[in-house]
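Data file: query_0.txt. Format and content: compact mmCIF, N, CA and C atoms.
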# COMPACT_ATOMS: atom_id res chain seq x y z
N VAL A 1 3.30 13.51 24.38
CA VAL A 1 3.25 12.49 23.35
C VAL A 1 2.52 13.09 22.15
N ALA A 2 3.11 12.90 20.98
CA ALA A 2 2.49 13.38 19.75
C ALA A 2 2.28 12.21 18.81
N GLU A 3 1.25 12.32 18.01
CA GLU A 3 0.97 11.29 17.03
C GLU A 3 1.05 11.90 15.64
N TYR A 4 1.75 11.22 14.74
CA TYR A 4 1.93 11.71 13.39
C TYR A 4 1.43 10.65 12.40
N THR A 5 0.98 11.11 11.27
CA THR A 5 0.57 10.21 10.19
C THR A 5 1.51 10.44 9.03
N LEU A 6 2.15 9.38 8.58
CA LEU A 6 3.06 9.44 7.44
C LEU A 6 2.27 9.07 6.20
N VAL A 7 2.26 9.97 5.23
CA VAL A 7 1.55 9.72 3.99
C VAL A 7 2.57 9.33 2.92
N VAL A 8 2.44 8.13 2.40
CA VAL A 8 3.28 7.66 1.30
C VAL A 8 2.54 8.00 0.02
N ARG A 9 3.09 8.91 -0.76
CA ARG A 9 2.41 9.35 -1.98
C ARG A 9 2.20 8.16 -2.92
N GLY A 10 0.96 7.98 -3.32
CA GLY A 10 0.60 6.88 -4.20
C GLY A 10 0.03 5.68 -3.46
N ASP A 11 0.22 5.61 -2.16
CA ASP A 11 -0.27 4.48 -1.37
C ASP A 11 -1.66 4.80 -0.83
N VAL A 12 -2.69 4.46 -1.60
CA VAL A 12 -4.05 4.81 -1.21
C VAL A 12 -4.74 3.74 -0.37
N ASN A 13 -4.11 2.58 -0.20
CA ASN A 13 -4.73 1.57 0.65
C ASN A 13 -4.04 1.44 2.01
N GLY A 14 -2.99 2.22 2.24
CA GLY A 14 -2.38 2.29 3.56
C GLY A 14 -1.47 1.15 3.94
N ASP A 15 -0.95 0.40 2.96
CA ASP A 15 -0.06 -0.70 3.29
C ASP A 15 1.42 -0.33 3.18
N SER A 16 1.72 0.94 3.02
CA SER A 16 3.09 1.50 2.96
C SER A 16 3.84 1.16 1.68
N VAL A 17 3.13 0.65 0.67
CA VAL A 17 3.75 0.31 -0.61
C VAL A 17 2.88 0.86 -1.73
N CYS A 18 3.51 1.44 -2.73
CA CYS A 18 2.79 1.92 -3.91
C CYS A 18 2.88 0.81 -4.96
N ASP A 19 1.75 0.13 -5.21
CA ASP A 19 1.77 -1.01 -6.12
C ASP A 19 0.49 -1.06 -6.95
N VAL A 20 0.28 -2.18 -7.64
CA VAL A 20 -0.86 -2.33 -8.54
C VAL A 20 -2.20 -2.22 -7.80
N LEU A 21 -2.26 -2.60 -6.54
CA LEU A 21 -3.50 -2.47 -5.78
C LEU A 21 -3.90 -1.00 -5.63
N ASP A 22 -2.92 -0.15 -5.43
CA ASP A 22 -3.19 1.29 -5.34
C ASP A 22 -3.67 1.83 -6.68
N CYS A 23 -3.09 1.35 -7.76
CA CYS A 23 -3.52 1.77 -9.10
C CYS A 23 -4.98 1.41 -9.33
N MET A 24 -5.36 0.20 -8.95
CA MET A 24 -6.75 -0.24 -9.14
C MET A 24 -7.70 0.58 -8.28
N LEU A 25 -7.35 0.83 -7.04
CA LEU A 25 -8.22 1.63 -6.17
C LEU A 25 -8.38 3.05 -6.69
N LEU A 26 -7.30 3.63 -7.18
CA LEU A 26 -7.38 4.99 -7.73
C LEU A 26 -8.29 5.01 -8.95
N GLU A 27 -8.16 4.02 -9.81
CA GLU A 27 -9.00 3.97 -11.01
C GLU A 27 -10.46 3.81 -10.62
N LEU A 28 -10.75 3.00 -9.62
CA LEU A 28 -12.13 2.85 -9.16
C LEU A 28 -12.65 4.14 -8.53
N ALA A 29 -11.82 4.81 -7.77
CA ALA A 29 -12.23 6.05 -7.11
C ALA A 29 -12.44 7.18 -8.11
N ARG A 30 -11.78 7.09 -9.25
CA ARG A 30 -11.89 8.13 -10.27
C ARG A 30 -13.28 8.17 -10.90
N HIS A 31 -13.96 7.04 -10.93
CA HIS A 31 -15.29 6.96 -11.52
C HIS A 31 -16.33 6.99 -10.42
N GLU A 32 -17.20 7.96 -10.46
CA GLU A 32 -18.20 8.13 -9.40
C GLU A 32 -19.22 7.01 -9.36
N SER A 33 -19.37 6.24 -10.43
CA SER A 33 -20.36 5.17 -10.45
C SER A 33 -19.98 4.02 -9.52
N ASN A 34 -18.69 3.90 -9.20
CA ASN A 34 -18.24 2.87 -8.26
C ASN A 34 -18.44 3.37 -6.83
N ASN A 35 -18.59 2.47 -5.92
CA ASN A 35 -18.78 2.85 -4.52
C ASN A 35 -17.45 2.93 -3.78
N VAL A 36 -16.44 3.45 -4.44
CA VAL A 36 -15.11 3.60 -3.84
C VAL A 36 -14.81 5.09 -3.75
N SER A 37 -14.49 5.54 -2.56
CA SER A 37 -14.09 6.94 -2.40
C SER A 37 -12.88 7.00 -1.49
N LEU A 38 -12.06 7.99 -1.73
CA LEU A 38 -10.88 8.20 -0.91
C LEU A 38 -11.07 9.46 -0.09
N GLU A 39 -10.77 9.37 1.19
CA GLU A 39 -10.94 10.52 2.07
C GLU A 39 -9.70 10.71 2.93
N GLY A 40 -9.52 11.90 3.42
CA GLY A 40 -8.44 12.19 4.36
C GLY A 40 -7.07 11.92 3.80
N VAL A 41 -6.26 11.18 4.57
CA VAL A 41 -4.88 10.92 4.16
C VAL A 41 -4.82 10.03 2.92
N TYR A 42 -5.84 9.20 2.69
CA TYR A 42 -5.86 8.35 1.51
C TYR A 42 -6.08 9.18 0.25
N PHE A 43 -6.94 10.19 0.36
CA PHE A 43 -7.12 11.12 -0.75
C PHE A 43 -5.83 11.90 -1.00
N ALA A 44 -5.19 12.36 0.06
CA ALA A 44 -3.93 13.10 -0.07
C ALA A 44 -2.86 12.24 -0.74
N ALA A 45 -2.83 10.95 -0.40
CA ALA A 45 -1.85 10.05 -1.00
C ALA A 45 -2.12 9.83 -2.48
N GLY A 46 -3.37 9.84 -2.89
CA GLY A 46 -3.72 9.59 -4.27
C GLY A 46 -3.77 10.81 -5.15
N ASN A 47 -3.78 11.98 -4.57
CA ASN A 47 -3.88 13.22 -5.34
C ASN A 47 -2.48 13.74 -5.67
N LEU A 48 -1.74 12.98 -6.47
CA LEU A 48 -0.36 13.34 -6.79
C LEU A 48 -0.26 14.61 -7.62
N ALA A 49 -1.27 14.92 -8.42
CA ALA A 49 -1.26 16.14 -9.22
C ALA A 49 -1.58 17.37 -8.36
N GLU A 50 -2.01 17.13 -7.12
CA GLU A 50 -2.33 18.19 -6.17
C GLU A 50 -3.33 19.21 -6.72
N ASP A 51 -4.39 18.68 -7.37
CA ASP A 51 -5.43 19.54 -7.92
C ASP A 51 -6.78 19.33 -7.25
N ASN A 52 -6.76 18.68 -6.09
CA ASN A 52 -7.96 18.43 -5.28
C ASN A 52 -9.01 17.56 -5.94
N GLU A 53 -8.59 16.70 -6.88
CA GLU A 53 -9.47 15.70 -7.45
C GLU A 53 -8.64 14.51 -7.91
N ILE A 54 -9.27 13.36 -7.93
CA ILE A 54 -8.61 12.16 -8.43
C ILE A 54 -8.95 12.04 -9.91
N ASN A 55 -7.94 12.11 -10.75
CA ASN A 55 -8.16 12.05 -12.19
C ASN A 55 -7.10 11.16 -12.84
N ILE A 56 -7.13 11.10 -14.15
CA ILE A 56 -6.23 10.21 -14.89
C ILE A 56 -4.76 10.57 -14.66
N ASP A 57 -4.46 11.84 -14.43
CA ASP A 57 -3.08 12.23 -14.16
C ASP A 57 -2.56 11.58 -12.88
N ASP A 58 -3.42 11.48 -11.88
CA ASP A 58 -3.04 10.82 -10.64
C ASP A 58 -2.82 9.33 -10.86
N VAL A 59 -3.70 8.71 -11.63
CA VAL A 59 -3.57 7.28 -11.91
C VAL A 59 -2.25 7.01 -12.64
N LYS A 60 -1.95 7.82 -13.66
CA LYS A 60 -0.70 7.64 -14.42
C LYS A 60 0.52 7.83 -13.53
N ALA A 61 0.46 8.79 -12.62
CA ALA A 61 1.59 9.04 -11.73
C ALA A 61 1.82 7.86 -10.78
N VAL A 62 0.74 7.27 -10.30
CA VAL A 62 0.87 6.11 -9.40
C VAL A 62 1.36 4.89 -10.16
N VAL A 63 0.88 4.70 -11.39
CA VAL A 63 1.37 3.59 -12.22
C VAL A 63 2.88 3.74 -12.43
N ASN A 64 3.31 4.94 -12.80
CA ASN A 64 4.74 5.17 -13.02
C ASN A 64 5.55 4.95 -11.76
N LYS A 65 5.02 5.39 -10.63
CA LYS A 65 5.74 5.19 -9.36
C LYS A 65 5.81 3.71 -9.00
N ALA A 66 4.72 2.99 -9.20
CA ALA A 66 4.69 1.56 -8.90
C ALA A 66 5.67 0.80 -9.80
N LEU A 67 5.74 1.18 -11.07
CA LEU A 67 6.67 0.52 -11.98
C LEU A 67 8.12 0.83 -11.63
N ALA A 68 8.38 2.04 -11.15
CA ALA A 68 9.73 2.42 -10.78
C ALA A 68 10.21 1.64 -9.56
N LEU A 69 9.27 1.27 -8.68
CA LEU A 69 9.63 0.54 -7.46
C LEU A 69 9.72 -0.96 -7.69
N ALA A 70 9.21 -1.42 -8.82
CA ALA A 70 9.19 -2.87 -9.09
C ALA A 70 10.57 -3.40 -9.41
Exercise: express the given structure as structure tokens:
Amino acid sequence: VAEYTLVVRGDVNGDSVCDVLDCMLLELARHESNNVSLEGVYFAAGNLAEDNEINIDDVKAVVNKALALA
């Protein structure tokens, strides 16, 4: 028996949908003053620019993806 984790790019809250909630969480995680951090698969889902940090490029990519799915 094997266990796999499916990472939906842009889905940082793990509900299998890339939406406005993910955009808000990414924006909060981008600022260190907030007590929101993304780790593991959630960080991987939010790091769309693949530069090992959550920045404005990641937020813009998730916003665009969420709008495309709407």
Original post:
For the atom pair atom CA of Glu27 of chain A and atom C of Val62 of chain A, what is the interatomic distance in Å to one decimal place?
Top reply: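 Spanning atom CA of Glu27 of chain A to atom C of Val62 of chain A is a straight-line distance of 10.4 Å.
Our summary of the geometry notes that atom CA of Tyr42 of chain A is positioned 6.3 Å from atom N of Asn13 of chain A.
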Original post:
Could you state the separation of atom CA of Leu69 of chain A and atom CA of Asp15 of chain A in Å, given to one decimal place?
Top reply: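 According to the coordinates, atom CA of Leu69 of chain A and atom CA of Asp15 of chain A are separated by 14.5 Å.
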Original post:
If we count only C-alpha atoms, what is near segment 4-6 of chain A at a cut-off of 10 Å, once residues fewer than 2 positions away on the same chain are taken out, given as a PyMOL selection string?
Top reply: chain A and resi 2+8-9+14+16+41+45
Subject >> Minimum-distance residue to Asp58 of chain A, chosen among A:Gly10, A:Val17, A:His31, A:Gly40 (using only C-alpha atoms) >> reply: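 Once distances to Asp58 of chain A are computed over only C-alpha atoms, the minimum belongs to A:Gly10.
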Original post:
If you run DSSP on this backbone, which residues of segment 1-58 of chain A come out as helix (DSSP H, G or I), and could you give them as a ChimeraX atom specification?
Top reply: /A:20-30,40-46,56-58
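Among the candidates A:Ala44, A:Ala49, A:Ile54, A:Val59, the residue lying nearest to Met24 of chain A is A:Val59 (atoms considered: only C-alpha atoms).
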**OP:** Return the single residue from A:Val7, A:Leu25, A:Val20, A:Val63 that is closest to Leu38 of chain A, with distances computed using only N, CA and C atoms.
**Re:**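 Using only N, CA and C atoms, the shortest distance to Leu38 of chain A belongs to A:Leu25.
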